[in-house]
>>> print(open('upload-v2.cif').read())   # mmCIF, C-alpha atoms and all ligand atoms
data_target
#
loop_
_atom_site.label_atom_id
_atom_site.label_comp_id
_atom_site.auth_asym_id
_atom_site.auth_seq_id
_atom_site.Cartn_x
_atom_site.Cartn_y
_atom_site.Cartn_z
CA MET A 600 50.71 170.54 21.45
CA GLU A 601 48.27 173.47 21.55
CA ILE A 602 49.12 176.68 23.33
CA GLY A 603 47.72 176.59 26.83
CA ALA A 604 47.46 172.81 26.79
CA SER A 605 50.76 172.03 28.47
CA LYS A 606 50.64 168.45 29.75
CA PRO A 607 50.83 168.11 33.54
CA ASP A 608 53.61 165.55 33.11
CA SER A 609 55.58 167.64 30.61
CA ASP A 610 58.58 167.64 32.97
CA THR A 611 59.03 163.99 32.04
CA TRP A 612 59.33 165.01 28.39
CA PRO A 613 62.53 167.03 28.19
CA ILE A 614 64.07 168.64 25.14
CA GLN A 615 67.39 166.96 24.50
CA VAL A 616 70.60 168.74 23.45
CA ASN A 617 72.52 166.02 21.61
CA LEU A 618 76.25 166.58 21.93
CA GLY A 619 77.61 163.09 22.51
CA VAL A 620 79.09 162.81 26.00
CA ARG A 621 78.10 166.42 26.66
CA SER A 622 74.38 165.82 25.90
CA TYR A 623 71.81 167.12 28.39
CA PRO A 624 68.07 167.58 28.93
CA ILE A 625 66.12 170.83 29.15
CA TYR A 626 62.98 170.64 31.29
CA VAL A 627 60.34 173.32 30.83
CA ALA A 628 57.13 173.40 32.86
CA PRO A 629 55.17 175.59 35.27
CA GLY A 630 56.12 174.73 38.86
CA ILE A 631 59.07 172.51 37.98
CA LEU A 632 61.35 174.34 40.44
CA SER A 633 60.18 171.95 43.16
CA SER A 634 61.49 169.01 41.09
CA VAL A 635 65.05 170.29 40.57
CA GLY A 636 66.48 167.98 43.27
CA ARG A 637 64.91 164.89 41.71
CA LEU A 638 66.00 165.89 38.20
CA VAL A 639 69.57 166.52 39.35
CA ARG A 640 69.58 163.05 40.91
CA GLU A 641 68.62 161.60 37.51
CA SER A 642 71.35 163.49 35.59
CA LEU A 643 74.09 163.48 38.26
CA PRO A 644 73.28 160.41 40.39
CA HIS A 645 76.48 160.56 42.46
CA ALA A 646 76.54 164.28 43.19
CA ASN A 647 75.52 165.13 46.75
CA LYS A 648 76.89 168.62 47.31
CA CYS A 649 76.38 171.95 45.53
CA VAL A 650 76.64 175.71 45.72
CA ILE A 651 73.78 177.84 44.38
CA VAL A 652 75.03 181.02 42.70
CA THR A 653 72.29 183.65 42.77
CA SER A 654 71.63 187.32 43.61
CA PRO A 655 69.71 188.71 46.62
CA PRO A 656 66.44 189.61 44.81
CA ILE A 657 66.25 186.26 43.06
CA ASN A 658 67.20 184.39 46.22
CA GLU A 659 64.39 186.18 48.03
CA LEU A 660 61.88 184.94 45.45
CA TYR A 661 63.08 181.42 44.68
CA GLY A 662 66.07 180.49 46.86
CA GLU A 663 64.11 178.75 49.58
CA ALA A 664 62.06 176.56 47.20
CA LEU A 665 65.22 175.52 45.36
CA MET A 666 67.07 174.70 48.61
CA LYS A 667 64.09 172.66 49.78
CA SER A 668 64.02 170.65 46.58
CA LEU A 669 67.77 169.94 46.65
CA ILE A 670 67.88 169.07 50.34
CA GLY A 671 64.78 166.89 49.90
CA ALA A 672 66.75 164.88 47.31
CA GLY A 673 69.59 164.39 49.80
CA ILE A 674 71.84 167.10 48.31
CA ASP A 675 73.80 169.45 50.58
CA ALA A 676 73.24 172.97 49.18
CA LYS A 677 74.65 176.38 50.12
CA PRO A 678 73.72 179.67 48.45
CA VAL A 679 76.35 182.30 47.54
CA MET A 680 75.31 185.80 46.55
CA ALA A 681 76.49 187.71 43.49
CA PRO A 682 75.54 191.32 42.70
CA ASP A 683 72.30 191.62 40.77
CA GLY A 684 72.30 191.87 36.97
CA GLU A 685 75.33 192.70 34.81
CA ASP A 686 77.43 193.74 37.84
CA ALA A 687 77.84 190.03 38.60
CA LYS A 688 79.89 189.46 35.44
CA THR A 689 83.29 190.70 36.57
CA TRP A 690 86.64 189.01 36.82
CA ASP A 691 86.97 190.19 40.43
CA PHE A 692 83.66 188.76 41.39
CA ALA A 693 84.42 185.46 39.67
CA GLY A 694 87.51 185.29 41.94
CA ASN A 695 85.38 185.85 45.05
CA ILE A 696 82.98 183.09 44.06
CA LEU A 697 85.83 180.65 43.45
CA GLY A 698 86.97 181.40 47.02
CA ASP A 699 83.45 180.60 48.26
CA PHE A 700 83.58 177.25 46.46
CA LEU A 701 86.85 176.44 48.25
CA ASP A 702 85.37 177.54 51.59
CA HIS A 703 82.40 175.24 51.08
CA GLY A 704 84.62 172.28 50.20
CA ILE A 705 83.26 171.93 46.68
CA ASP A 706 85.14 169.05 45.02
CA ARG A 707 85.10 167.55 41.53
CA GLY A 708 82.10 165.39 42.40
CA SER A 709 80.06 168.43 43.47
CA PHE A 710 78.16 170.78 41.18
CA ILE A 711 77.15 174.42 40.84
CA VAL A 712 73.60 175.70 40.32
CA ALA A 713 72.95 179.00 38.51
CA LEU A 714 69.69 180.48 39.82
CA GLY A 715 69.04 183.71 37.93
CA GLY A 716 68.91 185.50 34.61
CA GLY A 717 71.54 185.45 31.89
CA ALA A 718 74.03 187.41 33.96
CA ILE A 719 74.08 184.91 36.84
CA GLY A 720 73.98 182.03 34.34
CA ASP A 721 77.04 183.35 32.47
CA LEU A 722 78.99 183.96 35.70
CA ALA A 723 78.12 180.61 37.29
CA GLY A 724 78.86 178.75 34.06
CA PHE A 725 82.22 180.51 33.80
CA VAL A 726 83.38 179.78 37.35
CA SER A 727 82.25 176.17 37.14
CA SER A 728 84.27 175.74 33.93
CA ILE A 729 87.55 176.83 35.56
CA TYR A 730 87.14 175.63 39.18
CA LEU A 731 89.29 172.50 39.63
CA ARG A 732 89.59 172.43 35.80
CA GLY A 733 85.83 172.14 35.46
CA VAL A 734 82.91 170.90 37.56
CA ASN A 735 79.33 170.17 36.54
CA HIS A 736 76.73 172.91 36.58
CA VAL A 737 72.97 173.11 36.39
CA GLN A 738 71.13 176.08 34.92
CA VAL A 739 67.88 177.22 36.56
CA PRO A 740 67.09 180.29 34.42
CA THR A 741 64.66 182.83 35.87
CA THR A 742 64.20 185.35 33.02
CA LEU A 743 62.54 184.71 29.66
CA LEU A 744 65.80 185.60 27.90
CA ALA A 745 67.70 183.07 29.98
CA GLN A 746 65.06 180.35 29.48
CA VAL A 747 64.93 180.72 25.69
CA ASP A 748 68.56 181.53 25.06
CA SER A 749 71.44 182.03 27.49
CA SER A 750 70.98 178.92 29.68
CA ILE A 751 71.36 176.66 26.62
CA GLY A 752 74.51 176.08 24.59
CA GLY A 753 77.35 176.38 27.07
CA LYS A 754 78.64 179.88 26.31
CA THR A 755 79.92 181.36 29.57
CA ALA A 756 81.51 184.74 30.17
CA VAL A 757 82.47 187.64 32.35
CA ASN A 758 83.01 191.15 31.01
CA HIS A 759 86.30 193.04 30.60
CA ARG A 760 86.47 196.81 30.94
CA ARG A 761 87.18 196.87 27.20
CA GLY A 762 84.08 194.96 26.24
CA LYS A 763 81.26 192.59 27.10
CA ASN A 764 81.74 188.82 27.27
CA LEU A 765 85.42 189.04 26.27
CA ILE A 766 86.57 186.49 28.88
CA GLY A 767 84.79 183.16 28.70
CA THR A 768 84.63 179.47 27.92
CA PHE A 769 82.41 176.83 26.37
CA HIS A 770 81.09 174.66 29.18
CA GLN A 771 77.81 172.83 28.64
CA PRO A 772 75.47 172.46 31.63
CA SER A 773 74.46 169.02 32.90
CA LEU A 774 70.80 170.02 32.76
CA VAL A 775 68.57 173.06 32.39
CA VAL A 776 65.36 173.45 34.39
CA SER A 777 63.02 176.28 33.31
CA ASP A 778 60.05 177.00 35.56
CA THR A 779 57.68 179.21 33.57
CA ASN A 780 55.76 180.18 36.74
CA MET A 781 58.75 182.43 37.43
CA MET A 782 57.70 184.70 34.58
CA LYS A 783 54.88 185.97 36.81
CA THR A 784 57.35 187.94 38.95
CA LEU A 785 59.48 189.14 36.06
CA PRO A 786 59.18 192.92 35.46
CA PRO A 787 57.17 193.50 32.23
CA GLU A 788 60.12 195.23 30.54
CA GLU A 789 62.27 192.13 31.12
CA LEU A 790 59.52 189.96 29.64
CA ARG A 791 59.36 192.23 26.57
CA SER A 792 63.13 192.06 26.23
CA GLY A 793 63.00 188.25 26.19
CA LEU A 794 60.22 188.36 23.60
CA GLY A 795 62.67 190.07 21.23
CA GLU A 796 64.66 186.83 21.23
CA VAL A 797 61.49 184.77 20.75
CA VAL A 798 60.64 186.78 17.62
CA LYS A 799 64.23 186.22 16.48
CA TYR A 800 63.76 182.43 16.62
CA GLY A 801 60.57 182.72 14.59
CA VAL A 802 62.30 184.71 11.85
CA ILE A 803 65.47 182.60 11.61
CA SER A 804 63.87 179.20 11.95
CA ASP A 805 60.15 178.68 12.42
CA LEU A 806 57.29 180.37 10.56
CA GLY A 807 54.76 178.45 12.71
CA LEU A 808 56.25 180.00 15.84
CA PHE A 809 56.14 183.44 14.22
CA LYS A 810 52.46 182.97 13.36
CA ARG A 811 51.62 181.83 16.91
CA LEU A 812 53.26 184.97 18.24
CA GLU A 813 51.14 187.04 15.87
CA GLU A 814 47.98 185.19 16.97
CA LYS A 815 48.71 185.60 20.68
CA GLY A 816 49.94 189.20 20.30
CA GLU A 817 49.94 191.36 23.40
CA THR A 818 48.20 188.68 25.50
CA ILE A 819 51.64 187.05 25.86
CA LEU A 820 52.56 189.97 28.10
CA GLU A 821 50.08 188.59 30.66
CA ALA A 822 52.77 185.95 31.36
CA ASP A 823 50.39 182.97 31.49
CA PRO A 824 52.79 180.11 32.38
CA ASN A 825 51.06 177.61 30.10
CA VAL A 826 51.28 179.94 27.12
CA LEU A 827 54.90 180.75 27.90
CA THR A 828 55.74 177.07 28.32
CA TYR A 829 54.79 176.54 24.68
CA PHE A 830 57.05 179.36 23.50
CA VAL A 831 59.99 178.51 25.78
CA ARG A 832 59.90 174.86 24.65
CA LYS A 833 59.81 175.87 20.98
CA CYS A 834 62.73 178.28 21.35
CA ALA A 835 64.77 175.89 23.47
CA ALA A 836 64.36 173.19 20.82
CA ILE A 837 65.47 175.60 18.07
CA LYS A 838 68.50 176.76 20.05
CA ALA A 839 69.40 173.12 20.78
CA LYS A 840 69.45 172.34 17.04
CA PHE A 841 71.76 175.27 16.21
CA VAL A 842 74.08 174.31 19.08
CA GLU A 843 74.14 170.64 18.04
CA GLU A 844 75.22 171.60 14.51
CA ASP A 845 77.87 174.11 15.55
CA GLU A 846 78.73 173.75 19.23
CA LYS A 847 81.80 176.01 19.20
CA ASP A 848 80.37 178.61 16.82
CA THR A 849 82.92 178.02 14.07
CA LYS A 850 80.77 177.07 11.07
CA ASP A 851 78.57 180.12 10.50
CA ILE A 852 75.58 178.07 11.73
CA ARG A 853 75.30 179.07 15.39
CA ALA A 854 76.13 182.60 14.21
CA ALA A 855 72.55 182.83 12.87
CA LEU A 856 71.44 183.21 16.50
CA ASN A 857 73.12 186.61 16.38
CA TYR A 858 70.41 187.90 14.06
CA GLY A 859 69.85 191.55 15.01
CA HIS A 860 72.81 191.48 17.39
CA THR A 861 75.47 193.20 15.21
CA VAL A 862 73.62 196.48 15.36
CA GLY A 863 71.98 195.55 18.69
CA HIS A 864 75.28 195.16 20.56
CA ALA A 865 76.64 198.40 19.12
CA LEU A 866 73.48 200.20 20.21
CA GLU A 867 73.74 198.70 23.71
CA ILE A 868 77.34 199.91 23.99
CA LEU A 869 76.49 203.43 22.83
CA ALA A 870 73.47 203.59 25.12
CA LYS A 871 75.83 202.48 27.93
CA PHE A 872 73.63 199.43 28.52
CA LYS A 873 70.71 201.60 29.62
CA LEU A 874 68.76 200.07 26.76
CA ARG A 875 67.37 196.56 27.32
CA HIS A 876 68.97 193.83 25.23
CA GLY A 877 65.72 192.84 23.48
CA GLU A 878 64.96 196.45 22.59
CA ALA A 879 68.42 196.88 21.01
CA VAL A 880 68.15 193.55 19.19
CA ALA A 881 64.71 194.48 17.85
CA PHE A 882 66.16 197.63 16.29
CA GLY A 883 69.01 195.49 14.93
CA MET A 884 66.54 192.99 13.42
CA ASN A 885 64.67 195.78 11.67
CA VAL A 886 67.94 197.08 10.21
CA ALA A 887 69.10 193.60 9.13
CA ALA A 888 65.71 192.91 7.52
CA LYS A 889 65.92 196.16 5.61
CA LEU A 890 69.44 195.27 4.45
CA SER A 891 68.10 191.92 3.37
CA GLN A 892 65.38 193.57 1.32
CA ARG A 893 67.96 195.82 -0.37
CA LEU A 894 70.10 192.80 -1.14
CA GLY A 895 67.10 191.13 -2.73
CA PHE A 896 66.41 188.41 -0.14
CA MET A 897 63.43 189.51 1.93
CA GLU A 898 60.05 190.72 0.66
CA SER A 899 58.96 194.09 2.03
CA MET A 900 55.76 192.44 3.26
CA ASP A 901 57.77 190.12 5.53
CA LEU A 902 59.84 193.00 6.76
CA GLU A 903 56.65 194.82 7.78
CA ARG A 904 55.27 191.71 9.46
CA GLN A 905 58.40 191.45 11.59
CA ARG A 906 58.23 195.15 12.46
CA GLY A 907 54.54 194.86 13.32
CA LEU A 908 55.08 191.87 15.61
CA LEU A 909 57.96 193.53 17.44
CA GLU A 910 55.86 196.66 17.90
CA GLN A 911 53.08 194.63 19.52
CA PHE A 912 55.58 193.86 22.27
CA GLY A 913 56.68 197.49 22.46
CA LEU A 914 59.98 196.66 20.73
CA GLY A 915 61.81 198.59 18.02
CA VAL A 916 59.42 201.49 18.46
CA GLU A 917 61.88 204.11 19.65
CA THR A 918 65.57 204.57 19.01
CA PRO A 919 67.80 206.69 21.22
CA PRO A 920 69.31 209.69 19.40
CA ILE A 921 72.52 208.13 18.11
CA ASP A 922 74.48 209.11 15.03
CA VAL A 923 75.20 206.59 12.32
CA LYS A 924 78.99 207.12 12.34
CA SER A 925 79.33 206.22 16.03
CA LEU A 926 77.08 203.20 15.55
CA LEU A 927 79.25 201.95 12.69
CA GLU A 928 82.41 202.50 14.76
CA ALA A 929 80.90 200.60 17.67
CA MET A 930 80.11 197.71 15.30
CA TYR A 931 83.75 197.55 14.21
CA LYS A 932 84.87 197.46 17.83
CA ASP A 933 82.53 194.58 18.63
CA LYS A 934 84.47 191.33 18.76
CA LYS A 935 82.28 189.69 16.14
CA SER A 936 83.41 192.05 13.37
CA LYS A 937 86.37 190.75 11.42
CA GLU A 938 88.87 193.33 10.21
CA GLY A 939 87.87 195.55 7.30
CA SER A 940 84.24 194.53 6.97
CA ILE A 941 81.16 193.90 9.02
CA ARG A 942 79.49 190.51 8.79
CA PHE A 943 75.74 190.56 9.08
CA VAL A 944 73.18 187.87 9.71
CA ILE A 945 70.83 188.52 6.79
CA PRO A 946 67.37 186.96 6.98
CA THR A 947 66.19 185.25 3.81
CA GLY A 948 62.49 185.25 4.69
CA LEU A 949 60.25 184.49 7.67
CA GLY A 950 61.10 181.12 9.21
CA CYS A 951 64.09 180.53 6.91
CA ARG A 952 67.75 180.03 7.74
CA PRO A 953 69.56 183.32 7.34
CA THR A 954 72.75 183.86 5.39
CA ILE A 955 75.91 185.47 6.76
CA ARG A 956 77.20 188.24 4.47
CA LYS A 957 79.81 190.95 4.46
CA VAL A 958 78.00 194.22 3.91
CA SER A 959 79.63 197.46 2.75
CA ASP A 960 79.86 200.37 5.16
CA HIS A 961 78.04 202.50 2.62
CA LEU A 962 74.99 200.22 2.51
CA ILE A 963 74.95 199.85 6.30
CA SER A 964 75.12 203.62 6.80
CA GLN A 965 72.35 204.24 4.28
CA THR A 966 70.10 201.64 5.90
CA LEU A 967 70.79 202.91 9.41
CA GLU A 968 70.05 206.50 8.34
CA GLU A 969 66.76 205.34 6.94
CA GLU A 970 65.81 203.34 10.04
CA ILE A 971 66.77 206.13 12.43
CA GLY A 972 65.16 208.72 10.15
CA GLU A 973 61.85 206.85 10.16
CA LYS A 974 61.79 206.91 13.95
CA ALA A 975 62.81 210.56 14.34
N1 LIG A 1001 75.53 182.68 27.30
C1 LIG A 1001 74.76 183.02 26.30
O1 LIG A 1001 74.61 182.28 25.32
C2 LIG A 1001 74.01 184.30 26.37
C3 LIG A 1001 73.01 184.59 25.42
C4 LIG A 1001 72.29 185.78 25.55
C5 LIG A 1001 72.56 186.65 26.60
N2 LIG A 1001 73.54 186.35 27.51
C6 LIG A 1001 73.83 187.26 28.64
O2 LIG A 1001 72.67 187.33 29.46
C7 LIG A 1001 72.71 188.55 30.21
C8 LIG A 1001 71.33 189.17 30.24
O3 LIG A 1001 70.47 188.28 30.88
P1 LIG A 1001 68.99 188.69 31.35
O4 LIG A 1001 68.33 189.45 30.28
O5 LIG A 1001 68.36 187.46 31.85
O6 LIG A 1001 69.23 189.77 32.49
P2 LIG A 1001 69.77 189.69 34.00
O7 LIG A 1001 70.35 188.39 34.31
O8 LIG A 1001 70.64 190.88 34.18
O9 LIG A 1001 68.43 189.87 34.87
C9 LIG A 1001 67.67 191.04 34.71
C10 LIG A 1001 66.94 191.42 35.99
O10 LIG A 1001 65.84 190.57 36.19
C11 LIG A 1001 65.75 190.19 37.56
N3 LIG A 1001 65.07 188.89 37.61
C12 LIG A 1001 65.54 187.74 37.09
N4 LIG A 1001 64.61 186.79 37.19
C13 LIG A 1001 63.55 187.32 37.81
C14 LIG A 1001 62.27 186.83 38.18
N5 LIG A 1001 61.86 185.59 37.86
N6 LIG A 1001 61.42 187.67 38.81
C15 LIG A 1001 61.80 188.96 39.08
N7 LIG A 1001 62.98 189.48 38.72
C16 LIG A 1001 63.85 188.68 38.09
C17 LIG A 1001 67.17 190.16 38.01
O11 LIG A 1001 67.23 190.30 39.41
C18 LIG A 1001 67.78 191.32 37.26
O12 LIG A 1001 67.64 192.52 37.98
C19 LIG A 1001 73.77 189.42 29.55
O13 LIG A 1001 74.90 189.49 30.38
C20 LIG A 1001 74.10 188.68 28.26
O14 LIG A 1001 75.45 188.87 27.86
C21 LIG A 1001 74.26 185.20 27.41
ZN ZN A 1002 70.49 188.12 22.49
#
>>> encode(input="upload-v2.cif", output="structure tokens", more="lines below")
Ligand SMILES: NC(=O)c1ccc[n+]([C@@H]2O[C@H](COP(=O)([O-])OP(=O)(O)OC[C@H]3O[C@@H](n4cnc5c(N)ncnc54)[C@H](O)[C@@H]3O)[C@@H](O)[C@H]2O)c1
Ligand SMILES: [Zn+2]
Amino acid sequence: MEIGASKPDSDTWPIQVNLGVRSYPIYVAPGILSSVGRLVRESLPHANKCVIVTSPPINELYGEALMKSLIGAGIDAKPVMAPDGEDAKTWDFAGNILGDFLDHGIDRGSFIVALGGGAIGDLAGFVSSIYLRGVNHVQVPTTLLAQVDSSIGGKTAVNHRRGKNLIGTFHQPSLVVSDTNMMKTLPPEELRSGLGEVVKYGVISDLGLFKRLEEKGETILEADPNVLTYFVRKCAAIKAKFVEEDEKDTKDIRAALNYGHTVGHALEILAKFKLRHGEAVAFGMNVAAKLSQRLGFMESMDLERQRGLLEQFGLGVETPPIDVKSLLEAMYKDKKSKEGSIRFVIPTGLGCRPTIRKVSDHLISQTLEEEIGEKA
């Protein structure tokens, strides 16, 4: 399908995540929020009661339309508020929400709806996985990052004071509904951050997607829902494939989705999460691509193409003043680093499956110095 030519009936053409009994559809279309009730009825025909987990600013924008759709489909729905953004992902707050579920008489036949970005999605997924040993949940992602990434694949989490996402479960949603009209209200910096992940999918899996991003360039930042529908669908389909092949992230397949994240996470930690995720990941992708070139996998031309594309979206342009030693230490502390060595997702070209390699501290330090030096 051409960009901008999204079919009016595209909500009837979902992307499927094939996981046997845990399979589910992902619907992506402008304006599909008003169909959530009907789509839930198709996936969960016997469910007639739910709680919507959201935050005040998102509720203000989309809560009423979602409630209307659910009630219109004969589903009793009650909203519960979580703090906005990352503050929602705490153990204490998860406990409060579980109490709200009990207050509202949520039983095993009921379900939970996550209305929000990745933070709300992770929290709502987590509480639904432990409440009464697990109830169904529906993801209605409202940020680009959540639509292309976090709402799909069943990873749920809250944070611990010793690190991000340390407490969590695998709990696949029953369906995902992504309304690309919502991108119109998303702050531009959040849209840019999500585009970092979109570039990631192009590099690790789909040269065609990468080229489309290059063609569209900065015009993507205008948040045209039809254009974004194309990109969200593409990314959702790619994520679905990785998840299908390695649902529990044990085979070094799903790990490819962490391209740029080894350095990205460390940078986020050092910047005390003042840096947006996509910005940190973009820096991490540039470092990983440079490592790849040094290891003899990636051509310097491809490395420059990736850098150029990220820069069009204002990503990977600046790096906060951080020293290489602290960055390396932060990488070791990150839960994804096995003892004694750091494992990197190394791209093998544009649109090709990456390889996972242990890389020596010396080579990482050298490459980081170079990357930071170039920006200084
Ligand atoms: N589970 C996974 O597989 C997975 C993958 C990637 C990231 N994550 C998690 O996702 C989280 C980040 O998610 P995020 O980037 O979506 O950020 P977020 O959920 O913190 O939302 C960012 C901000 O955008 C606002 N917002 C959301 N939708 C909006 C809309 N349509 N219009 C206006 N404002 C809107 C929110 O109110 C919030 O202030 C992190 O906690 C990360 O760990 C999880
Ligand atoms: Zn990410």
>>> closest_residue(input="upload-v2.cif", among="A:Ser709, A:Ser668, A:Thr784, A:Asn758", to="ligand LIG 1001 (chain A)", atoms="all atoms listed in the file")
A:Thr784
>>> atom_distance(input="upload-v2.cif", atom1="atom CA of His961 of chain A", atom2="atom CA of Leu927 of chain A")
10.2 Å
>>> closest_residue(input="upload-v2.cif", among="A:Gly684, A:Pro678, A:Pro644, A:Gly671", to="ligand LIG 1001 (chain A)", atoms="all atoms listed in the file")
A:Gly684
>>> residues_near_ligand(input="upload-v2.cif", ligand="ligand LIG 1001 (chain A)", cutoff="8 Å", atoms="all atoms listed in the file", output="PyMOL selection string")
chain A and resi 654-657+660+683-685+688+715-721+740-745+748-756+763-764+781-786+789+792-793+875-876
>>> residues_near_ligand(input="upload-v2.cif", ligand="ligand ZN 1002 (chain A)", cutoff="9 Å", atoms="all atoms listed in the file", output="MDAnalysis selection string")
chainID A and resid 744 748:749 793 795:796 799 856:860 863:864 876:877 880
>>> closest_residue(input="upload-v2.cif", among="A:Ile803, A:Met666, A:Ala835, A:Leu902", to="Ile955 of chain A", atoms="all atoms listed in the file")
A:Ile803
>>> closest_residue(input="upload-v2.cif", among="A:Ile705, A:Val620, A:Leu894, A:Leu697", to="Ala646 of chain A", atoms="only C-alpha atoms")
A:Ile705
>>> atom_distance(input="upload-v2.cif", atom1="atom CA of Gln965 of chain A", atom2="atom CA of Pro953 of chain A")
21.3 Å
>>> atom_distance(input="upload-v2.cif", atom1="atom CA of Asp851 of chain A", atom2="atom CA of Ala865 of chain A")
20.3 Å
>>> closest_residue(input="upload-v2.cif", among="A:Tyr931, A:Phe882, A:Phe710, A:Phe912", to="Thr818 of chain A", atoms="all atoms listed in the file")
A:Phe912
>>> closest_residue(input="upload-v2.cif", among="A:Gly913, A:Pro629, A:Gly724, A:Gly708", to="Gln771 of chain A", atoms="only C-alpha atoms")
A:Gly724
>>> residues_near_point(input="upload-v2.cif", point="(63.7, 186.9, 10.5)", cutoff="8 Å", atoms="only C-alpha atoms", output="list in words")
Val798, Lys799, Tyr800, Gly801, Val802, Ile803, Ser804, Tyr858, Met884, Ala888, Gln905, Pro946, Thr947, Gly948, Leu949, Gly950, Cys951 and Pro953 of chain A
>>> residues_around(input="upload-v2.cif", residues="segment 648-653 of chain A", least_positions_apart="4", cutoff="6 Å", atoms="all atoms listed in the file", output="ChimeraX atom specification")
/A:674-681,709-715
>>> write_last_selection(input="upload-v2.cif", atoms="C-alpha atoms", output="mmCIF file, in the coordinates of the input")
data_model
loop_
_atom_site.group_PDB
_atom_site.id
_atom_site.type_symbol
_atom_site.label_atom_id
_atom_site.label_comp_id
_atom_site.auth_asym_id
_atom_site.auth_seq_id
_atom_site.Cartn_x
_atom_site.Cartn_y
_atom_site.Cartn_z
ATOM 1 C CA ILE A 674 71.840 167.100 48.310
ATOM 2 C CA ASP A 675 73.800 169.450 50.580
ATOM 3 C CA ALA A 676 73.240 172.970 49.180
ATOM 4 C CA LYS A 677 74.650 176.380 50.120
ATOM 5 C CA PRO A 678 73.720 179.670 48.450
ATOM 6 C CA VAL A 679 76.350 182.300 47.540
ATOM 7 C CA MET A 680 75.310 185.800 46.550
ATOM 8 C CA ALA A 681 76.490 187.710 43.490
ATOM 9 C CA SER A 709 80.060 168.430 43.470
ATOM 10 C CA PHE A 710 78.160 170.780 41.180
ATOM 11 C CA ILE A 711 77.150 174.420 40.840
ATOM 12 C CA VAL A 712 73.600 175.700 40.320
ATOM 13 C CA ALA A 713 72.950 179.000 38.510
ATOM 14 C CA LEU A 714 69.690 180.480 39.820
ATOM 15 C CA GLY A 715 69.040 183.710 37.930
#
>>> residues_around(input="upload-v2.cif", residues="Lys667 of chain A", least_positions_apart="4", cutoff="9 Å", atoms="all atoms listed in the file", output="JSON, numbers by chain")
{"A": [633, 636, 662, 663, 671, 672]}
